[in-house]
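> The structure's right below; bear with me while I get my questions together.
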Amino acid sequence: MTFENDVVVVGGGGHVGLPLAIALASRGKRTVVYDVAEAAVDKIRRAQMPFIEPGADDVLADVVASGMLTASTDPSVVAGAENVVVVIGTPVDEHLNPDPNAIPRALSTCAPFFRDGQLLVLRSTIYPGVTALVRDMVAEMGLSVDVSFCPERIAEHKAMTELFELPQIVSGYSPEATARAKALFGSLTEKIVELSPEEAELAKLFTNTWRYIKFAAVNQFYMMANSKGVDFERVRAGLTFDYPRAQDMPGPGFAAGPCLFKDTMQLAAFSDNTFQLGHSAMLVNEGLPLYIASQLERQHDLSKLTVGILGMAFKAGSDDIRSSLSYKLQRVLRFKAHTVIATDPHVPASVDDTLLPLDEVLERSDILIIATPHKEYRELRTDKPVADVWNLLGNGVLI
């Protein structure tokens, strides 16, 4: 069986798929991005990144110019690739329940173009058992397609280094599928870890949930100390100083984004809602915006004041607002403050047209909250009260 392309990345215009597509193309794999988002595909064709990803711009320009990377909104391009990498993950609904059938449904658009001899790789975080569902779906279509789950492990803004440096977990339902997945991702890194699909599915969920629980523990510590008038950052600096068993303790802050919370809730559902630790972590992390707002309300008559939120992206240096707790903070404050205004140096007006320039927010606000620790705020100098849970300004985290 011959194919005109090596790889097609389904959903490849986003934060997970595009860096992978660029990386594979840079390693000599003729790669196609398939995505239904016309704006993203158009930018990729013009060798422009649709979002911020350090180190990707120049490589994208090179692989587009060389013809190693192309992009399309036409699902028929799936038929021309030996390896079909799917970066569609399992969503969580408004009731925090995962939908294990979401990926099979999403694949229905391109499934008619699957061909014998292909390797189908699920890449994004999925509910345990979804790889088996996709395997069965392909079998019911009467196709001879190998199915594999190879979870992505990158962090936003580190994709173009971590794709080449981190060990890659691969799995498959046959030795042939695993070997093919190993060969594909072996073009990026020599460090390969082989697991069964079920082990790989849990490995991905456990990784993200472990981070989420760690952040929850620290945020709980922060709220304990702060409620008693103690600056948690001084405590953390003291207990971590030259003490190896505490070096992995992060500082407090918003644990947000499209992965950690969602994946923790997937594990909760997987355990038949017996994952009390996960639910507790959710209550702590999701409750931090309300805690900060309530602390400010105790000290100030917010009903007469304008509160300025600095940073709406879910992490520093990012333009990604998915599941950002800055917006939860904004909603909470709208019930408490006279006026709430916000700014972010990276989030474009096309994403949020309510954002204001930093200078205007600094001038109009009575109280400031650093919600996202963008480097642009590090040199902030003001005589107005600043709630800085990240200790970005170096003045402690006491509110």
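Chain identifiers are assigned as A, B, and so on, following the order in which chains appear in the structure tokens; residues are numbered from 1 within each chain, and ligands are numbered from 1 in order of appearance.
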If you run DSSP on the backbone, which residues of region 232-305 of chain A are alpha helix (DSSP H), as a PyMOL selection string?
chain A and resi 232-240+260-270+276-299
> Can you spit out the residues from that selection as an mmCIF file, in the first residue's frame, using C-alpha atoms?

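File out.cif, as written:
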data_model
loop_
_atom_site.group_PDB
_atom_site.id
_atom_site.type_symbol
_atom_site.label_atom_id
_atom_site.label_comp_id
_atom_site.auth_asym_id
_atom_site.auth_seq_id
_atom_site.Cartn_x
_atom_site.Cartn_y
_atom_site.Cartn_z
ATOM 1 C CA PHE A 232 2.765 31.991 52.684
ATOM 2 C CA GLU A 233 5.624 32.910 50.353
ATOM 3 C CA ARG A 234 7.901 33.561 53.335
ATOM 4 C CA VAL A 235 6.920 30.182 54.763
ATOM 5 C CA ARG A 236 7.536 28.427 51.452
ATOM 6 C CA ALA A 237 10.876 30.158 50.915
ATOM 7 C CA GLY A 238 11.968 29.120 54.378
ATOM 8 C CA LEU A 239 10.922 25.486 54.222
ATOM 9 C CA THR A 240 12.320 24.918 50.725
ATOM 10 C CA LEU A 260 -5.654 19.611 34.532
ATOM 11 C CA PHE A 261 -9.175 20.198 35.804
ATOM 12 C CA LYS A 262 -10.792 18.238 32.963
ATOM 13 C CA ASP A 263 -8.515 15.240 33.364
ATOM 14 C CA THR A 264 -9.036 15.132 37.118
ATOM 15 C CA MET A 265 -12.792 14.993 36.546
ATOM 16 C CA GLN A 266 -12.306 12.198 34.021
ATOM 17 C CA LEU A 267 -10.507 10.157 36.663
ATOM 18 C CA ALA A 268 -13.306 10.930 39.106
ATOM 19 C CA ALA A 269 -15.843 9.519 36.661
ATOM 20 C CA PHE A 270 -13.600 6.540 35.915
ATOM 21 C CA GLN A 276 -12.483 12.186 46.863
ATOM 22 C CA LEU A 277 -8.964 13.584 46.579
ATOM 23 C CA GLY A 278 -9.658 14.724 43.022
ATOM 24 C CA HIS A 279 -12.934 16.372 43.944
ATOM 25 C CA SER A 280 -11.270 18.098 46.889
ATOM 26 C CA ALA A 281 -8.525 19.394 44.609
ATOM 27 C CA MET A 282 -11.181 20.765 42.280
ATOM 28 C CA LEU A 283 -12.932 22.593 45.128
ATOM 29 C CA VAL A 284 -9.659 24.167 46.270
ATOM 30 C CA ASN A 285 -8.317 25.219 42.883
ATOM 31 C CA GLU A 286 -11.646 26.359 41.477
ATOM 32 C CA GLY A 287 -12.346 28.174 44.744
ATOM 33 C CA LEU A 288 -9.203 30.318 44.732
ATOM 34 C CA PRO A 289 -10.703 33.174 42.649
ATOM 35 C CA LEU A 290 -13.620 33.463 45.081
ATOM 36 C CA TYR A 291 -11.225 33.376 48.042
ATOM 37 C CA ILE A 292 -9.155 36.244 46.613
ATOM 38 C CA ALA A 293 -12.265 38.300 45.877
ATOM 39 C CA SER A 294 -13.650 37.649 49.362
ATOM 40 C CA GLN A 295 -10.361 38.647 51.019
ATOM 41 C CA LEU A 296 -10.372 41.930 49.127
ATOM 42 C CA GLU A 297 -14.029 42.473 50.037
ATOM 43 C CA ARG A 298 -13.175 42.153 53.741
ATOM 44 C CA GLN A 299 -10.607 44.928 53.447
#
> Pick the closest to Gly253 (chain A) from A:Val332, A:Ala216, A:Val389, A:Met223: which is it, counting only C-alpha atoms?
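The closest residue to Gly253 (chain A) is A:Val389.
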> For region 151-156 of chain A, please output as a PDB file with C-alpha atoms, in the first residue's frame all residues within 6 Å (counting only C-alpha atoms; exclusion window: fewer than 3 positions along the same chain).

ATOM      1  CA  ARG A 123      -2.924  11.668  20.750  1.00  0.00           C
ATOM      2  CA  SER A 124      -4.974  13.853  23.108  1.00  0.00           C
ATOM      3  CA  ALA A 159       6.428  22.131  22.616  1.00  0.00           C
ATOM      4  CA  GLU A 162       9.821  18.895  24.682  1.00  0.00           C
TER       5      GLU A 162
END
> Between A:Leu188, A:Val10, A:Leu195, A:Leu133, which residue has the minimum interatomic distance to Glu165 (chain A), considering only C-alpha atoms?
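Among A:Leu188, A:Val10, A:Leu195, A:Leu133, it is A:Leu188 that comes nearest to Glu165 (chain A).
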> Please identify all polymer residues within 12 Å of region 80-82 of chain A, counting only C-alpha atoms, omitting same-chain residues fewer than 6 positions from it, and present them as a count of residues only.
32
> In region 57-249 of chain A, what's strand (DSSP E or B) per DSSP? Answer as a ChimeraX atom specification?
/A:69-72,81-86,92,98,119-122,146-149,168-170,192-194
> Output C-alpha atoms of each residue in that selection to a file, as a PDB file, in the first residue's frame.

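Result file again12.pdb:
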ATOM      1  CA  LEU A  69       3.837  20.738   5.614  1.00  0.00           C
ATOM      2  CA  THR A  70       0.488  21.572   4.048  1.00  0.00           C
ATOM      3  CA  ALA A  71      -2.931  22.288   5.544  1.00  0.00           C
ATOM      4  CA  SER A  72      -6.503  21.614   4.484  1.00  0.00           C
ATOM      5  CA  ALA A  81      -1.556   9.549   4.729  1.00  0.00           C
ATOM      6  CA  GLU A  82       0.005   6.398   6.125  1.00  0.00           C
ATOM      7  CA  ASN A  83      -0.275   7.660   9.709  1.00  0.00           C
ATOM      8  CA  VAL A  84      -3.442   9.380  10.950  1.00  0.00           C
ATOM      9  CA  VAL A  85      -2.805  11.230  14.209  1.00  0.00           C
ATOM     10  CA  VAL A  86      -5.944  12.444  15.997  1.00  0.00           C
ATOM     11  CA  VAL A  92     -16.185  17.081  29.985  1.00  0.00           C
ATOM     12  CA  PRO A  98     -16.786  12.858  30.267  1.00  0.00           C
ATOM     13  CA  LEU A 119      -1.936   3.544  11.530  1.00  0.00           C
ATOM     14  CA  LEU A 120      -4.531   5.486  13.548  1.00  0.00           C
ATOM     15  CA  VAL A 121      -2.963   7.229  16.547  1.00  0.00           C
ATOM     16  CA  LEU A 122      -5.025   8.879  19.276  1.00  0.00           C
ATOM     17  CA  ASP A 146      -3.747  -0.464  13.326  1.00  0.00           C
ATOM     18  CA  VAL A 147      -4.899   1.576  16.347  1.00  0.00           C
ATOM     19  CA  SER A 148      -2.594   3.147  18.887  1.00  0.00           C
ATOM     20  CA  PHE A 149      -2.702   5.611  21.791  1.00  0.00           C
ATOM     21  CA  GLN A 168       7.323   9.304  24.269  1.00  0.00           C
ATOM     22  CA  ILE A 169       4.783   6.761  25.501  1.00  0.00           C
ATOM     23  CA  VAL A 170       3.500   4.477  22.733  1.00  0.00           C
ATOM     24  CA  ILE A 192      10.374   5.476  23.843  1.00  0.00           C
ATOM     25  CA  VAL A 193       8.240   3.886  26.588  1.00  0.00           C
ATOM     26  CA  GLU A 194       5.978   0.993  25.563  1.00  0.00           C
TER      27      GLU A 194
END
> Report, in Å to a single decimal, how far apart CA of Thr306 (chain A) and CA of Glu363 (chain A) are.
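CA of Glu363 (chain A) sits 10.3 Å away from CA of Thr306 (chain A).
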> Report, in Å to a single decimal, how far apart CA of Cys150 (chain A) and CA of Phe164 (chain A) are.
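So the two atoms, CA of Phe164 (chain A) and CA of Cys150 (chain A), lie 14.6 Å apart.
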> When distances are computed from only C-alpha atoms, which of A:Ile126, A:Leu60, A:Ala313, A:Ala177 shows the smallest separation from Leu202 (chain A)?
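That would be A:Ile126, the residue with the smallest distance to Leu202 (chain A).
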